[in-house]
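Written below as structure tokens is the structure these notes are about.
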Amino acid sequence: KTMRLHHLKHHQAYTDKLNGALARLRANPETKALAKRGIDWLLEHVQELPEAERGPVRNAGGGYVNHDLWWQCLSPRGGEAVEPREGSPMHGALTAAFGSVNDFKTKLNLASLELFGSGWAWLVASSTTGDLQVEATANQDSPL
């Protein structure tokens, strides 16, 4: 019941607010082309949007993208944790970056616990080196 409510109300509110921002961008001939860009592009280039739409796209767009990824990552086995198999590429990458899978989990948990208020903890690949890192973002900000 909690997940259904979260999806139907909370995630839907981000979707509706993002769609409102996109509708306003489409209604203006000067920003119509921006509304056709994908949400990932909009979040990466939020400073290029009109001032009035930056907050709605950052907050509602970030909330939409973050929750969409979260929904996709939920286990089909009812939340059962799935560990990377020893010898798998993921296991090797986490071990190389953090020392062990358990050290990665500790670092990710710590990053989420250190957030004040709401936010997200992420496993990301550095855009410059490709190295795995743990990063935290506040509220609905996205690592994009």
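Starting from 1 in every chain, residues are counted up; chains themselves are A, B, ... following the order of the structure tokens, and ligands are numbered from 1 as listed.
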
Checklist entry - What residues in chain A get the DSSP label alpha helix (DSSP H)? Please answer as a PyMOL selection string. => result chain A and resi 2-5+12-27+32-35+39-44+51-56+62-73+89-98+101-113

Next on the checklist: I want to know what sits within 12 Å of Gln12 of chain A, based on only C-alpha atoms, with residues of the same chain fewer than 4 positions away left out; could you give that as an NGL selection string?
Outcome noted: :A and (4-8 or 16-19 or 60-61 or 63-65 or 67-68)

Item to check | Which of A:Asn66, A:Gln47, A:Ser142, A:Thr137 sits closest to Ser112 of chain A [using only C-alpha atoms] | outcome: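 Of the candidates, the smallest distance to Ser112 of chain A is held by A:Thr137.
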
Checklist entry - Within 10 Å of Pro50 of chain A, counting only C-alpha atoms, which residues qualify if same-chain residues fewer than 4 places away don't, as a list of chain:residue names? => result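 Selected residues are A:Leu25, A:Glu30, A:Thr31, A:Val46, A:Arg54, A:Gly55.
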
Residue selection dump (all heavy atoms) as a PDB file, in the first residue's frame:
ATOM      1  N   LEU A  25       7.245  25.840 -21.587  1.00  0.00           N
ATOM      2  CA  LEU A  25       8.337  25.989 -22.546  1.00  0.00           C
ATOM      3  C   LEU A  25       7.823  25.853 -23.977  1.00  0.00           C
ATOM      4  O   LEU A  25       8.217  26.618 -24.862  1.00  0.00           O
ATOM      5  CB  LEU A  25       9.438  24.947 -22.282  1.00  0.00           C
ATOM      6  CG  LEU A  25      10.280  25.141 -21.027  1.00  0.00           C
ATOM      7  CD1 LEU A  25      11.167  23.924 -20.792  1.00  0.00           C
ATOM      8  CD2 LEU A  25      11.119  26.409 -21.105  1.00  0.00           C
ATOM      9  N   GLU A  30      10.186  31.045 -28.314  1.00  0.00           N
ATOM     10  CA  GLU A  30      11.629  31.141 -28.075  1.00  0.00           C
ATOM     11  C   GLU A  30      12.182  29.941 -27.307  1.00  0.00           C
ATOM     12  O   GLU A  30      13.392  29.680 -27.359  1.00  0.00           O
ATOM     13  CB  GLU A  30      11.948  32.428 -27.309  1.00  0.00           C
ATOM     14  CG  GLU A  30      11.685  33.684 -28.112  1.00  0.00           C
ATOM     15  CD  GLU A  30      11.986  34.940 -27.326  1.00  0.00           C
ATOM     16  OE1 GLU A  30      12.747  34.864 -26.331  1.00  0.00           O
ATOM     17  OE2 GLU A  30      11.474  35.996 -27.712  1.00  0.00           O
ATOM     18  N   THR A  31      11.322  29.216 -26.602  1.00  0.00           N
ATOM     19  CA  THR A  31      11.806  28.081 -25.806  1.00  0.00           C
ATOM     20  C   THR A  31      11.189  26.752 -26.236  1.00  0.00           C
ATOM     21  O   THR A  31      11.468  25.721 -25.631  1.00  0.00           O
ATOM     22  CB  THR A  31      11.517  28.306 -24.309  1.00  0.00           C
ATOM     23  OG1 THR A  31      10.102  28.458 -24.127  1.00  0.00           O
ATOM     24  CG2 THR A  31      12.261  29.523 -23.784  1.00  0.00           C
ATOM     25  N   VAL A  46      20.297  22.842 -17.098  1.00  0.00           N
ATOM     26  CA  VAL A  46      19.226  23.607 -16.458  1.00  0.00           C
ATOM     27  C   VAL A  46      19.519  25.107 -16.459  1.00  0.00           C
ATOM     28  O   VAL A  46      18.592  25.921 -16.532  1.00  0.00           O
ATOM     29  CB  VAL A  46      18.934  23.061 -15.042  1.00  0.00           C
ATOM     30  CG1 VAL A  46      20.021  23.425 -14.057  1.00  0.00           C
ATOM     31  CG2 VAL A  46      17.571  23.517 -14.559  1.00  0.00           C
ATOM     32  N   ARG A  54      13.737  27.035 -14.290  1.00  0.00           N
ATOM     33  CA  ARG A  54      14.870  26.278 -13.739  1.00  0.00           C
ATOM     34  C   ARG A  54      14.467  25.480 -12.508  1.00  0.00           C
ATOM     35  O   ARG A  54      14.780  24.300 -12.400  1.00  0.00           O
ATOM     36  CB  ARG A  54      16.028  27.218 -13.406  1.00  0.00           C
ATOM     37  CG  ARG A  54      16.689  27.775 -14.633  1.00  0.00           C
ATOM     38  CD  ARG A  54      17.794  28.741 -14.268  1.00  0.00           C
ATOM     39  NE  ARG A  54      18.206  29.454 -15.481  1.00  0.00           N
ATOM     40  CZ  ARG A  54      18.986  30.500 -15.479  1.00  0.00           C
ATOM     41  NH1 ARG A  54      19.462  30.989 -14.330  1.00  0.00           N
ATOM     42  NH2 ARG A  54      19.306  31.085 -16.618  1.00  0.00           N
ATOM     43  N   GLY A  55      13.818  26.124 -11.558  1.00  0.00           N
ATOM     44  CA  GLY A  55      13.400  25.433 -10.336  1.00  0.00           C
ATOM     45  C   GLY A  55      12.435  24.295 -10.616  1.00  0.00           C
ATOM     46  O   GLY A  55      12.662  23.167 -10.155  1.00  0.00           O
TER      47      GLY A  55
END

Checklist entry - When DSSP works through the backbone of this structure, what residues of chain A end up as strand (DSSP E or B), shown as a PyMOL selection string? => result chain A and resi 119-125+132-138

Taking N, CA, C and O atoms for each residue, export the selection above as a PDB file, in the first residue's frame.
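See again09.pdb below for the written result:
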ATOM      1  N   GLY A 119      17.138  13.733   0.139  1.00  0.00           N
ATOM      2  CA  GLY A 119      18.187  13.655  -0.870  1.00  0.00           C
ATOM      3  C   GLY A 119      18.425  12.220  -1.287  1.00  0.00           C
ATOM      4  O   GLY A 119      17.672  11.315  -0.913  1.00  0.00           O
ATOM      5  N   TRP A 120      19.477  12.037  -2.047  1.00  0.00           N
ATOM      6  CA  TRP A 120      19.779  10.739  -2.628  1.00  0.00           C
ATOM      7  C   TRP A 120      21.276  10.458  -2.494  1.00  0.00           C
ATOM      8  O   TRP A 120      22.087  11.360  -2.583  1.00  0.00           O
ATOM      9  N   ALA A 121      21.619   9.187  -2.345  1.00  0.00           N
ATOM     10  CA  ALA A 121      23.010   8.739  -2.428  1.00  0.00           C
ATOM     11  C   ALA A 121      23.120   7.882  -3.683  1.00  0.00           C
ATOM     12  O   ALA A 121      22.239   7.060  -3.962  1.00  0.00           O
ATOM     13  N   TRP A 122      24.194   8.093  -4.424  1.00  0.00           N
ATOM     14  CA  TRP A 122      24.336   7.485  -5.743  1.00  0.00           C
ATOM     15  C   TRP A 122      25.672   6.767  -5.895  1.00  0.00           C
ATOM     16  O   TRP A 122      26.681   7.219  -5.365  1.00  0.00           O
ATOM     17  N   LEU A 123      25.682   5.722  -6.677  1.00  0.00           N
ATOM     18  CA  LEU A 123      26.904   5.148  -7.219  1.00  0.00           C
ATOM     19  C   LEU A 123      27.019   5.722  -8.619  1.00  0.00           C
ATOM     20  O   LEU A 123      26.118   5.528  -9.443  1.00  0.00           O
ATOM     21  N   VAL A 124      28.084   6.477  -8.870  1.00  0.00           N
ATOM     22  CA  VAL A 124      28.250   7.130 -10.170  1.00  0.00           C
ATOM     23  C   VAL A 124      29.619   6.793 -10.736  1.00  0.00           C
ATOM     24  O   VAL A 124      30.539   6.421 -10.013  1.00  0.00           O
ATOM     25  N   ALA A 125      29.746   6.946 -12.049  1.00  0.00           N
ATOM     26  CA  ALA A 125      31.038   6.835 -12.720  1.00  0.00           C
ATOM     27  C   ALA A 125      31.486   8.247 -13.051  1.00  0.00           C
ATOM     28  O   ALA A 125      30.719   9.039 -13.612  1.00  0.00           O
ATOM     29  N   LEU A 132      34.446   4.650 -10.346  1.00  0.00           N
ATOM     30  CA  LEU A 132      33.231   4.616  -9.539  1.00  0.00           C
ATOM     31  C   LEU A 132      33.422   5.464  -8.293  1.00  0.00           C
ATOM     32  O   LEU A 132      34.482   5.448  -7.673  1.00  0.00           O
ATOM     33  N   GLN A 133      32.374   6.201  -7.939  1.00  0.00           N
ATOM     34  CA  GLN A 133      32.388   7.073  -6.772  1.00  0.00           C
ATOM     35  C   GLN A 133      31.014   7.035  -6.119  1.00  0.00           C
ATOM     36  O   GLN A 133      30.019   6.748  -6.784  1.00  0.00           O
ATOM     37  N   VAL A 134      30.965   7.361  -4.855  1.00  0.00           N
ATOM     38  CA  VAL A 134      29.693   7.569  -4.166  1.00  0.00           C
ATOM     39  C   VAL A 134      29.499   9.074  -4.074  1.00  0.00           C
ATOM     40  O   VAL A 134      30.413   9.812  -3.722  1.00  0.00           O
ATOM     41  N   GLU A 135      28.315   9.507  -4.432  1.00  0.00           N
ATOM     42  CA  GLU A 135      27.983  10.933  -4.435  1.00  0.00           C
ATOM     43  C   GLU A 135      26.601  11.102  -3.818  1.00  0.00           C
ATOM     44  O   GLU A 135      25.745  10.241  -3.982  1.00  0.00           O
ATOM     45  N   ALA A 136      26.412  12.204  -3.116  1.00  0.00           N
ATOM     46  CA  ALA A 136      25.096  12.505  -2.551  1.00  0.00           C
ATOM     47  C   ALA A 136      24.582  13.799  -3.161  1.00  0.00           C
ATOM     48  O   ALA A 136      25.363  14.707  -3.463  1.00  0.00           O
ATOM     49  N   THR A 137      23.279  13.864  -3.390  1.00  0.00           N
ATOM     50  CA  THR A 137      22.649  15.081  -3.881  1.00  0.00           C
ATOM     51  C   THR A 137      21.481  15.424  -2.957  1.00  0.00           C
ATOM     52  O   THR A 137      20.808  14.535  -2.452  1.00  0.00           O
ATOM     53  N   ALA A 138      21.277  16.704  -2.752  1.00  0.00           N
ATOM     54  CA  ALA A 138      20.190  17.151  -1.889  1.00  0.00           C
ATOM     55  C   ALA A 138      18.873  17.187  -2.645  1.00  0.00           C
ATOM     56  O   ALA A 138      18.841  17.351  -3.866  1.00  0.00           O
TER      57      ALA A 138
END

Checklist entry - What is the distance between atom CA of Thr2 of chain A and atom CA of Thr15 of chain A, in Å to one decimal? => result 18.5 Å

Item to check | From A:Lys36, A:Arg85, A:Asp103, A:Tyr14, residue lying nearest Val57 of chain A [only C-alpha atoms] | outcome: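 Among A:Lys36, A:Arg85, A:Asp103, A:Tyr14, it is A:Tyr14 that comes nearest to Val57 of chain A.
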